[in-house]
Structure formats: C-alpha cells, structure tokens
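Worksheet: one structure, shown below.
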Amino acid sequence: MSVVAASGRPAGAGPVARLLGLRAAWLSMDRNPVAQTFAGTPAGLAAIHLGFFAALVASSEFSAPALAMIAVALAGCAVLPAHRKSVIVLASLAFLALRPFRTPEFNDFMPWLAGQSGFGSATALQLGAVAAVVMAAFAGLEAQRRFAATTAAKRPVLAQLLLFLAALAIAIALPAGSIPHALLWAAIAVWASCFWVLAYASTDQKSGEPTPNAMRAAFLRPFWGGSATPIGKNQGYLAKFEARTAEDLAVTRLKALKLAVWTAILALCHDGLNHLIHGEVGLPTLHDAIMAGVQGSDMPLGARWASLVVNYFLDLMIIAAWGHAIVAVVRMAGYRIPRNTVNPLASRTLAEFWNRYFFYYKELLVDFFFYPAFLRWFKKAPKLRVAFATFAAAGFGNFLYHAMAETHMFATLPWSEIGSRLATFGFYTLVLSAGLIVSQWRGVKLSPADGFWRYEVAPRLTVCLFFCFLKIFDDIFGNGTLIDRIAFFFGLFGV
Amino acid sequence: MSQTRPDIRAVMQGLLDAKGVAGPLADTDSLFVSGRLDSLAATEVLMVLETDFGIDLADADFDIARLDTIADLEALVAAKA
C-alpha cells in the first residue's frame with residue numbers, strides 16, 4: 001500500500017486492487033474476529049446457510065432431492081448442535097433407504113431384478129435389501145465386538161471381503177429369474193455400495209472408538225453423498241475434526257461457506273469451458289475421440305492431442321468441484337475435515353498427484369491395502385516392499401474397488417463382455433501401479449536450487465503427461481476394447 | 001523415554017521439512033490424519049520403528065492411527081522398551 005502510482009494516487013485505490021482486497025478479505029474471513037462473531041449469531045447462522053445453499057444450487061453438484069435431504073440434515077445440526085451425531089446418523093439412514101446406490105447402473109438394476117423374477121415392486125425389493133444389509137451390518141459389528149480375539153475380528157475388512165465374494169459366487173450360481181436370485185442380488189447391490197463405509201466402521205470399532213454399533217450400522221450412506229468412497233471415513237475420523245466449541249463451529253461453518261462458493265465457481269467454469277470447447281468449438285471429448293477410432297473415422301492428430309489435454313484439465317475441475325461440494329457439507333455439519341482435492345497441478349511426483357487429486361480414495365487404498373501389505377511382506381527388501389505394497393493398493397485394491405462398484409455386471413452381462421471391461425481397467429491399474437512404483441523408487445527430491453525448469457516445470461509436465469495418457473485407459477464401462485484404446489494411444493504419435 | 005524423544009521428533013521434523021510443512025510441532029499434533037504427512041512418509045516412520053526400535057507392526061491388531069502424533073509414537077516406543 002505504500003507504493004504510489006504515477007498519477008499520485010495510492011496504487012491500492014484502483015479497481016483491480018480493490019477486487020484483490022475483497023478477495024483477500026473473503027479468503028481470510030474465517031480468521032476475521034468480526035466474521036467469526038457474526039457467524040455465531042442467529043442472523044449470521046441464517047446468512048451463512050442461505051449463502052451456502054445458494055452456492056450449492058449454483059454448482060449443480062447435487063440433485064434437488066439430495067439438496068432437500070442435506071438442507072433438512074444441516075438444519076437439524078444447526079438447531080441441535082449437541083445432538084449433531086444423532087441427526088447425522090438418522091439423516092444418513094433415511095438417505096440409505098431412499099437412495100442406496102451410487103451409480104445409475106445400480107439404480108436401474110433393481111427394476112431389472114424385480115421384473116426378471118416377477119417379484120413385483122422394485123421399491124419393496126430395494127427397501128427389503130437395505131433393511132437386510134443394515135441388520136447384517138449390525139450383526140457383523142456385534143460379532144466383531146463380542147469375539148474380538150478372533151482372526152476375523154482382527155482382520156474385519158478381509159473377513160468382510162471373503163463373505164462378499166462367497167455371496168457373489170452363490171448369487172452367480174443361482175438360476176436367473178428366481179426369487180432367491182433377485183433377493184440375493186438386491187442385497188449384494190446394497191452391500192457393494194456400502195462395503196467401504198462398513199469396512200471403515202469395523203476398523204473404527206477395532207481402534208476402540210466408542211460409537212454404539214447400532215449407530216455405525218445406520219451410518220452406511222452418509223447424507224452428504226458421494227461415491228462408494230467414504231468421504232470423512234468413519235466416526236473416529238470425523239471426531240478428530242469435530243468443532244468442540246461455539247467459536248470453532250463458527251470458523252468451521254465459515255470455511256464451509258468459502259468452499260461451497262469455490263465449488264460453484266469451479267463447477268460453473270467447468271460447465272462454461274465444456275460448452276465452449278466441446279459445444280461451440282466442436283472439439284470431440286476424449287471418449288468421442290477414442291470411439292471415433294473404433295468406428296473407423298479418422299481425426300486430425302492435433303484434435304486428438306487437444307481432446308486428451310482438455311479432458312485432463314476438465315476432469316481435474318469436475319473432480320475438485322465434486323469433492324469440494326461434499327467436504328463443504330461435512331464442514332457445515334461441524335467437522336473440519338481435509339479437502340478431497342488440493343491443488344493437484346502443484347504435484348511434482350505421481351505419488352503426490354495421487355494424494356492431491358482424490359485424497360479419500362487414496363486413503364481408502366492406503367488404509368486397506370497399502371499398509372497391511374507394507375507391514376507384512378518383503379521386510380528385508382525395501383524396494384520390493386514398497387513396490388508390492390504400492391501394487392496391492394493402486395493395482396489390486398484399485399481394481400477390486402472398481403469391479404465391486406460394477407458388481408451388477410456379473411448378473412447382467414455375458415462373461416466375454418465382463419472380461420473385456422475388466423481387461424481395460426486391469427491394464428489401467430497396472431500402468432498406474434508401475435508409474436507409482438517407479439516414482440517412489442526414484443525418490444527424487446528437487447529443490448529451487450535445481451533451477452526453474454527442473455524444479456517448477458519439468459516434474460509437473462511429466463506428471464501431467466502421465467495422467468493424460470493414463471486417462472485413455474480409465475474405463476470399466478465397455479466403451480471400446482483395450483486394443484482400441486492402445487490404438488488411440490499410438491495414434492497420438494502417428495503410429 | 002527421554003532418550004527416544006529426540007530421535008522420533010527429529011525423524012518427524014525431518015519428514016515435515018522435506019514436505020515443506022512449516023510451523024512448530026506439538027506432541028499431540030496430528031501428523032497423518034491431518035494430512036500434514038502422507039502415506040509415503042508413514043512408510044519411512046514404520047521403517048524407522050522397525051530398524052531403530054525393533055518394533056514389529058505386522059500384528060493384525062495394529063492400527064496405523066496409533067502413529068498419528070509424537071506422543072503416540074513415544075508411547076509405542078515406551079511400551080516396547
């Protein structure tokens with residue numbers, strides 16, 4: 001502010017400086033005592049919630065029914081802050097009953113099962129499956145508590161996985177169109193959607209977290225939504241970030257508001273760029289570019305590269321907006337959990353990108369696959385140890401997660417098509433694992449002394465290119481075969 | 001316990017410095033859950049515990065959250081001593 005412009009006026013008085021000042025004030029809002037005090041008043045609480053929902057509506061990250069559910073739950077948290085946990089569990093149970101699935105494919109699966117078996121009502125089938133899974137989850141958690149010394153109780157995720165695979169094998173063996181087939185597949189569909197939340201609930205219990213099992217079993221579908229990856233993990237994790245005082249709660253809500261507004265900005269920018277680039281300019285999406293090759297039509301080399309790079313940046317924007325929206329809701333409920341995406345473009349290594357791009361999914365893979373493998377295998381060979389644990393997480397765990405998220409295909413598709421889908425995604429996980437292993441083996445620690453290009457540009461460009469190429473193979477929906485995608489990759493180099 | 005404190009603290013401070021995380025570190029500050037350090041840093045801590053303190057963490061009962069603070073690490077080392 002001490003700088004004086006040529007006109008004699010303080011440089012800070014210009015419109016740009018004023019805008020920058022407003023931006024700085026907005027970003028530091030949660031550290032501003034006046035804003036904190038206001039946020040703790042009834043008027044402040046109402047204003048924050050109003051702004052928060054306006055931002056969420058503008059972001060289009062939630063459907064209208066999901067927003068209504070979130071509004072009711074957050075109103076409950078605001079009115080009954082001392083009973084926040086009960087409100088959240090009840091809202092989550094209602095959300096599970098109404099919308100147990102994370103994907104449209106699973107939503108369509110219930111009517112398909114009901115129609116094929118002559119069960120009649122898909123809604124009744126779905127509600128019955130939800131009730132069965134909640135009761136089974138409670139029984140499983142109680143068994144873990146009562147028989148804590150058993151191997152199954154100490155290795156609850158592995159035990160759950162083996163049970164799930166056994167149920168899947170039985171379901172595949174049952175005659176299609178029968179009532180038992182429909183009932184078991186309906187339960188598997190709900191179970192697959194809640195598997196990782198239940199896994200976190202069981203590790204929570206193992207660590208001694210005191211939440212009653214009835215509450216854990218009711219919290220299989222957090223009302224803030226998301227994929228099968230639990231954002232906010234479990235009650236123990238949430239408790240570590242819970243606002244304990246009125247002042248802390250005010251700060252947490254201000255942070256939630258800021259994140260919701262940033263969500264809206266990102267989502268609107270994404271939608272605008274998507275419309276401009278793929279609509280007005282007419283550049284094909286990466287999916288369309290790959291499928292154009294499958295259908296035999298040729299695309300200019302420049303357009304292929306442009307589709308690839310644009311896909312990378314738009315994907316980053318939409319993943320960030322999606323994760324921010326969910327984290328913002330968790331924060332507004334009173335838990336200041338870390339963001340899901342934190343400036344992935346700053347990553348200098350593949351492992352760092354993985355951590356910054358989708359934090360809670362990376363955590364899931366690390367918690368349930370990386371650590372268990374790292375702690376048990378190849379202790380005498382450090383490089384092999386890291387490689388095996390990385391493959392267990394980014395390879396095996398990643399593959400298993402996605403195959404489970406598409407479990408319905410084992411009921412609806414022929415084995416040849418399932419094999420084709422899994423081959424493409426299997427290749428994706430292999431390449432990702434290999435990249436991460438090499439990245440960790442190299443362990444290059446750069447510093448600014450290495451120069452601008454070597455420190456600031458080259459590593460980021462390498463990370464960007466790797467994930468651009470990797471996205472070509474990120475498909476489990478059967479859009480083209482693995483060979484088609486490999487052909488697209490080589491086509492980028494004129495081969 | 002006083003003998004282990006500089007070692008554990010130095011290891012953690014070294015990891016934080018390498019990641020560019022500034023600021024003082026209290027004994028009860030969360031290291032991994034808070035996102036200060038990532039899983040790669042955790043593997044380094046695990047290896048230090050194994051090689052320097054002879055602590056085998058492969059037991060099925062082990063929970064990675066037990067390593068989340070300097071105080072946790074010290075308690076783990078003290079229990080082994």
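Quick note on naming: the chains in the structure tokens go A, B, ... in the order shown, residues restart at 1 in each chain, and ligands are numbered from 1 in order of appearance.
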
For this session: Enumerate as a list in words the residues belonging to chain A that approach chain B to within 6 Å, with only C-alpha atoms taken into account.
Result: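 That gives the following set of residues: Lys154, Leu375 and Arg376 of chain A.
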
If we count only C-alpha atoms, what is near Arg99 of chain A at a cut-off of 9 Å, once residues fewer than 5 positions away on the same chain are taken out, given as a PDB file with N, CA, C and O atoms, in the first residue's frame?
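Writing done, so here's result07.pdb:
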ATOM      1  N   ALA A  94     -31.976 -42.430   6.549  1.00  0.00           N
ATOM      2  CA  ALA A  94     -33.043 -42.077   5.610  1.00  0.00           C
ATOM      3  C   ALA A  94     -32.509 -42.020   4.182  1.00  0.00           C
ATOM      4  O   ALA A  94     -33.151 -42.502   3.236  1.00  0.00           O
ATOM      5  N   ASN A 107     -29.046 -48.168  -9.922  1.00  0.00           N
ATOM      6  CA  ASN A 107     -30.441 -47.727  -9.807  1.00  0.00           C
ATOM      7  C   ASN A 107     -31.327 -48.489 -10.786  1.00  0.00           C
ATOM      8  O   ASN A 107     -32.465 -48.852 -10.465  1.00  0.00           O
ATOM      9  N   ARG A 221     -24.540 -44.850   4.601  1.00  0.00           N
ATOM     10  CA  ARG A 221     -24.658 -43.984   3.425  1.00  0.00           C
ATOM     11  C   ARG A 221     -24.730 -42.548   3.921  1.00  0.00           C
ATOM     12  O   ARG A 221     -25.849 -42.003   4.088  1.00  0.00           O
TER      13      ARG A 221
END

Find the spatial neighbours of Leu384 of chain A, counting only C-alpha atoms, within a cut-off of 10 Å - ignore same-chain residues fewer than 5 positions away - and output them as a PDB file with C-alpha atoms, in the first residue's frame.
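Done, and the output landed in result-v4.pdb:
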ATOM      1  CA  PHE A 374       3.720 -52.991   3.679  1.00  0.00           C
ATOM      2  CA  TRP A 377       5.541 -58.548   3.189  1.00  0.00           C
ATOM      3  CA  PHE A 378       9.162 -58.334   1.975  1.00  0.00           C
ATOM      4  CA  LYS A 379      10.533 -56.604   5.050  1.00  0.00           C
ATOM      5  CA  ALA A 389       2.544 -52.507  -1.191  1.00  0.00           C
ATOM      6  CA  THR A 390       2.022 -49.966  -3.980  1.00  0.00           C
ATOM      7  CA  ILE A 437       6.377 -47.681  -8.107  1.00  0.00           C
ATOM      8  CA  TRP A 441      11.862 -45.822  -6.313  1.00  0.00           C
TER       9      TRP A 441
END

Problem set entry | Minimum-distance residue to Ala333 of chain A, chosen among A:Thr103, A:Ser202, A:Thr252, A:Ser59 (using only C-alpha atoms) | A:Thr252

Exercise. Looking at B:Ala22, B:Leu31, B:Leu15, B:Leu37, which one is nearest to Asp72 of chain B, with distances taken over only C-alpha atoms?
Worked result: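 Under the stated criterion, the closest residue is B:Leu31.
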
For this session: Extract, using only C-alpha atoms, all DNA, RNA and protein residues at most 12 Å from Leu163 of chain A, discarding same-chain residues fewer than 2 positions from it, and format them as a PyMOL selection string.
Result: chain A and resi 136-137+140+152+156-161+165-170+188+191-192+195

Seminar exercise, completed: Judged by only C-alpha atoms, the minimum distance to Leu16 of chain B among B:Ala78, B:Ala71, B:Thr28, B:Glu44 is found for B:Glu44

Contact residues around segment 350-362 of chain A with only C-alpha atoms at 6 Å, ignoring same-chain residues under 4 positions, as a short mmCIF file (atom, residue, chain, number, x, y, z; two decimals) with N, CA, C and O atoms, in the first residue's frame:
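result-v9.cif was written with the following content:
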data_model
loop_
_atom_site.label_atom_id
_atom_site.label_comp_id
_atom_site.auth_asym_id
_atom_site.auth_seq_id
_atom_site.Cartn_x
_atom_site.Cartn_y
_atom_site.Cartn_z
N THR A 229 -16.61 -44.37 -2.12
CA THR A 229 -15.50 -43.94 -1.26
C THR A 229 -16.04 -43.08 -0.12
O THR A 229 -16.66 -42.05 -0.38
N ILE A 231 -16.16 -40.30 2.09
CA ILE A 231 -15.51 -39.01 2.37
C ILE A 231 -15.85 -38.66 3.83
O ILE A 231 -17.00 -38.50 4.18
N ASN A 340 -10.84 -32.91 -0.37
CA ASN A 340 -10.58 -34.11 -1.17
C ASN A 340 -9.54 -33.85 -2.26
O ASN A 340 -8.71 -34.69 -2.56
N THR A 341 -9.60 -32.66 -2.83
CA THR A 341 -8.64 -32.28 -3.88
C THR A 341 -7.92 -31.01 -3.44
O THR A 341 -8.58 -30.03 -3.07
N VAL A 342 -6.58 -31.05 -3.48
CA VAL A 342 -5.81 -29.87 -3.07
C VAL A 342 -4.75 -29.58 -4.13
O VAL A 342 -3.71 -30.22 -4.19
N PRO A 344 -3.92 -30.15 -7.39
CA PRO A 344 -3.17 -31.27 -7.99
C PRO A 344 -2.12 -30.82 -9.00
O PRO A 344 -1.13 -31.53 -9.22
N LEU A 436 3.60 -45.38 -10.28
CA LEU A 436 3.79 -45.00 -8.88
C LEU A 436 5.00 -45.69 -8.27
O LEU A 436 5.74 -45.09 -7.48
N VAL A 463 4.20 -35.32 -14.72
CA VAL A 463 3.01 -35.80 -14.02
C VAL A 463 1.77 -35.60 -14.89
O VAL A 463 0.94 -36.51 -15.05
#

For this session: Go through B:Ala41, B:Asp29, B:Ala79, B:Gly14 and flag the residue nearest Phe53 of chain B, using only C-alpha atoms for the distances.
Result: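 Residue with the minimum atom-to-atom distance to Phe53 of chain B: B:Ala79.
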
Just want the 10 Å neighbourhood of Leu50 of chain A, counted on only C-alpha atoms, with same-chain residues fewer than 6 positions away dropped. Output as a PDB file with C-alpha atoms, in the first residue's frame.
ATOM      1  CA  GLY A  44     -25.150 -14.975  10.928  1.00  0.00           C
ATOM      2  CA  LEU A  56     -24.562 -25.447  -3.832  1.00  0.00           C
ATOM      3  CA  LEU A 257     -19.207 -21.391   3.031  1.00  0.00           C
TER       4      LEU A 257
END

Seminar exercise, completed: Between A:Arg304, A:Arg331, A:Arg421, A:Arg102, smallest distance to Met291 of chain A by only C-alpha atoms belongs to A:Arg304

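Computed from the coordinates, the atom CA of Ala394 of chain A to atom CA of Val190 of chain A distance equals 24.6 Å.
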
Problem set entry | Atom-to-atom span, atom CA of Asp367 of chain A and atom CA of Ser227 of chain A, Å |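 Atom CA of Asp367 of chain A sits 17.4 Å away from atom CA of Ser227 of chain A.
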
For this session: Among the residues of segment 368-397 of chain A, find those DSSP assigns to alpha helix (DSSP H) from the backbone and print them as an NGL selection string.
Result: :A and (371-376 or 382-390)

What does the file look like for those residues with all heavy atoms, as a CSV table (one decimal), in the first residue's frame?
chain,number,residue,atom,x,y,z
A,371,TYR,N,-0.9,-50.3,3.7
A,371,TYR,CA,-0.4,-50.5,5.0
A,371,TYR,C,-0.3,-52.0,5.3
A,371,TYR,O,0.7,-52.5,5.8
A,371,TYR,CB,-1.1,-49.8,6.1
A,371,TYR,CG,-0.8,-48.3,6.1
A,371,TYR,CD1,-1.8,-47.3,6.3
A,371,TYR,CD2,0.5,-47.8,5.9
A,371,TYR,CE1,-1.5,-46.0,6.3
A,371,TYR,CE2,0.8,-46.4,5.9
A,371,TYR,CZ,-0.3,-45.5,6.1
A,371,TYR,OH,0.0,-44.2,6.1
A,372,PRO,N,-1.5,-52.7,5.2
A,372,PRO,CA,-1.4,-54.2,5.5
A,372,PRO,C,-0.3,-54.9,4.7
A,372,PRO,O,0.3,-55.8,5.3
A,372,PRO,CB,-2.8,-54.7,5.1
A,372,PRO,CG,-3.7,-53.4,5.3
A,372,PRO,CD,-2.8,-52.3,4.8
A,373,ALA,N,-0.2,-54.6,3.4
A,373,ALA,CA,0.8,-55.2,2.6
A,373,ALA,C,2.2,-54.8,3.1
A,373,ALA,O,3.1,-55.6,3.2
A,373,ALA,CB,0.7,-54.9,1.2
A,374,PHE,N,2.4,-53.5,3.3
A,374,PHE,CA,3.7,-53.0,3.7
A,374,PHE,C,4.2,-53.6,5.0
A,374,PHE,O,5.4,-53.8,5.2
A,374,PHE,CB,3.6,-51.5,3.8
A,374,PHE,CG,5.0,-50.8,4.0
A,374,PHE,CD1,5.8,-50.6,2.9
A,374,PHE,CD2,5.4,-50.4,5.3
A,374,PHE,CE1,7.1,-50.0,3.1
A,374,PHE,CE2,6.6,-49.8,5.5
A,374,PHE,CZ,7.5,-49.6,4.4
A,375,LEU,N,3.3,-53.7,5.9
A,375,LEU,CA,3.6,-54.2,7.3
A,375,LEU,C,4.0,-55.7,7.3
A,375,LEU,O,4.6,-56.1,8.3
A,375,LEU,CB,2.5,-53.9,8.3
A,375,LEU,CG,2.3,-52.4,8.6
A,375,LEU,CD1,1.0,-52.2,9.4
A,375,LEU,CD2,3.5,-51.9,9.4
A,376,ARG,N,3.5,-56.4,6.3
A,376,ARG,CA,3.7,-57.9,6.4
A,376,ARG,C,4.6,-58.5,5.4
A,376,ARG,O,5.1,-59.6,5.6
A,376,ARG,CB,2.3,-58.5,6.2
A,376,ARG,CG,1.4,-58.3,7.4
A,376,ARG,CD,0.0,-59.0,7.3
A,376,ARG,NE,-0.8,-58.7,8.4
A,376,ARG,CZ,-1.6,-57.6,8.5
A,376,ARG,NH1,-1.7,-56.8,7.5
A,376,ARG,NH2,-2.3,-57.4,9.6
A,382,PRO,N,13.7,-53.5,0.9
A,382,PRO,CA,12.9,-52.3,1.0
A,382,PRO,C,12.2,-51.9,-0.3
A,382,PRO,O,11.1,-51.5,-0.4
A,382,PRO,CB,13.9,-51.2,1.4
A,382,PRO,CG,15.0,-52.0,2.1
A,382,PRO,CD,15.0,-53.4,1.5
A,383,LYS,N,13.0,-52.0,-1.4
A,383,LYS,CA,12.4,-51.6,-2.7
A,383,LYS,C,11.3,-52.5,-3.1
A,383,LYS,O,10.2,-52.0,-3.6
A,383,LYS,CB,13.5,-51.6,-3.8
A,383,LYS,CG,14.4,-50.4,-3.8
A,383,LYS,CD,15.2,-50.2,-5.1
A,383,LYS,CE,15.7,-48.8,-5.2
A,383,LYS,NZ,16.4,-48.6,-6.5
A,384,LEU,N,11.5,-53.8,-3.0
A,384,LEU,CA,10.4,-54.7,-3.3
A,384,LEU,C,9.2,-54.5,-2.4
A,384,LEU,O,8.0,-54.6,-2.8
A,384,LEU,CB,10.9,-56.2,-3.2
A,384,LEU,CG,10.0,-57.3,-3.6
A,384,LEU,CD1,9.5,-57.1,-5.0
A,384,LEU,CD2,10.6,-58.6,-3.4
A,385,ARG,N,9.5,-54.2,-1.1
A,385,ARG,CA,8.5,-54.0,-0.1
A,385,ARG,C,7.5,-52.8,-0.6
A,385,ARG,O,6.3,-52.9,-0.5
A,385,ARG,CB,9.1,-53.7,1.2
A,385,ARG,CG,8.2,-53.5,2.4
A,385,ARG,CD,8.9,-53.2,3.6
A,385,ARG,NE,8.1,-53.2,4.8
A,385,ARG,CZ,8.4,-53.0,6.0
A,385,ARG,NH1,9.7,-52.6,6.3
A,385,ARG,NH2,7.6,-53.0,7.0
A,386,VAL,N,8.2,-51.7,-1.0
A,386,VAL,CA,7.4,-50.5,-1.4
A,386,VAL,C,6.6,-50.9,-2.7
A,386,VAL,O,5.4,-50.5,-2.8
A,386,VAL,CB,8.3,-49.3,-1.6
A,386,VAL,CG1,7.6,-48.2,-2.4
A,386,VAL,CG2,8.8,-48.8,-0.3
A,387,ALA,N,7.3,-51.6,-3.6
A,387,ALA,CA,6.7,-51.9,-4.9
A,387,ALA,C,5.4,-52.8,-4.6
A,387,ALA,O,4.4,-52.6,-5.2
A,387,ALA,CB,7.7,-52.6,-5.8
A,388,PHE,N,5.6,-53.8,-3.8
A,388,PHE,CA,4.5,-54.8,-3.6
A,388,PHE,C,3.3,-54.0,-2.9
A,388,PHE,O,2.2,-54.2,-3.3
A,388,PHE,CB,5.0,-55.9,-2.7
A,388,PHE,CG,3.9,-56.9,-2.4
A,388,PHE,CD1,3.5,-57.8,-3.4
A,388,PHE,CD2,3.3,-57.0,-1.2
A,388,PHE,CE1,2.5,-58.8,-3.2
A,388,PHE,CE2,2.3,-58.0,-1.0
A,388,PHE,CZ,1.9,-58.8,-2.0
A,389,ALA,N,3.6,-53.2,-1.9
A,389,ALA,CA,2.5,-52.5,-1.2
A,389,ALA,C,1.8,-51.5,-2.1
A,389,ALA,O,0.6,-51.4,-2.1
A,389,ALA,CB,3.1,-51.8,0.0
A,390,THR,N,2.6,-50.9,-3.0
A,390,THR,CA,2.0,-50.0,-4.0
A,390,THR,C,1.1,-50.7,-5.0
A,390,THR,O,0.0,-50.3,-5.3
A,390,THR,CB,3.1,-49.2,-4.7
A,390,THR,OG1,4.0,-48.5,-3.8
A,390,THR,CG2,2.6,-48.2,-5.7

Problem set entry | Nearest-residue call for Ser117 of chain A, choices A:Met332, A:Leu183, A:Ala250, A:Val57, using only C-alpha atoms |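 Between A:Met332, A:Leu183, A:Ala250, A:Val57, the residue approaching Ser117 of chain A most closely is A:Leu183.
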
Exercise. Can you tell me, as an MDAnalysis selection string, what residues are no more than 12 Å from Gly419 of chain A when counting only C-alpha atoms, ignoring any on the same chain fewer than 4 positions away?
Worked result: chainID A and resid 403 409:410 413:415 423:427 476:478 481:482
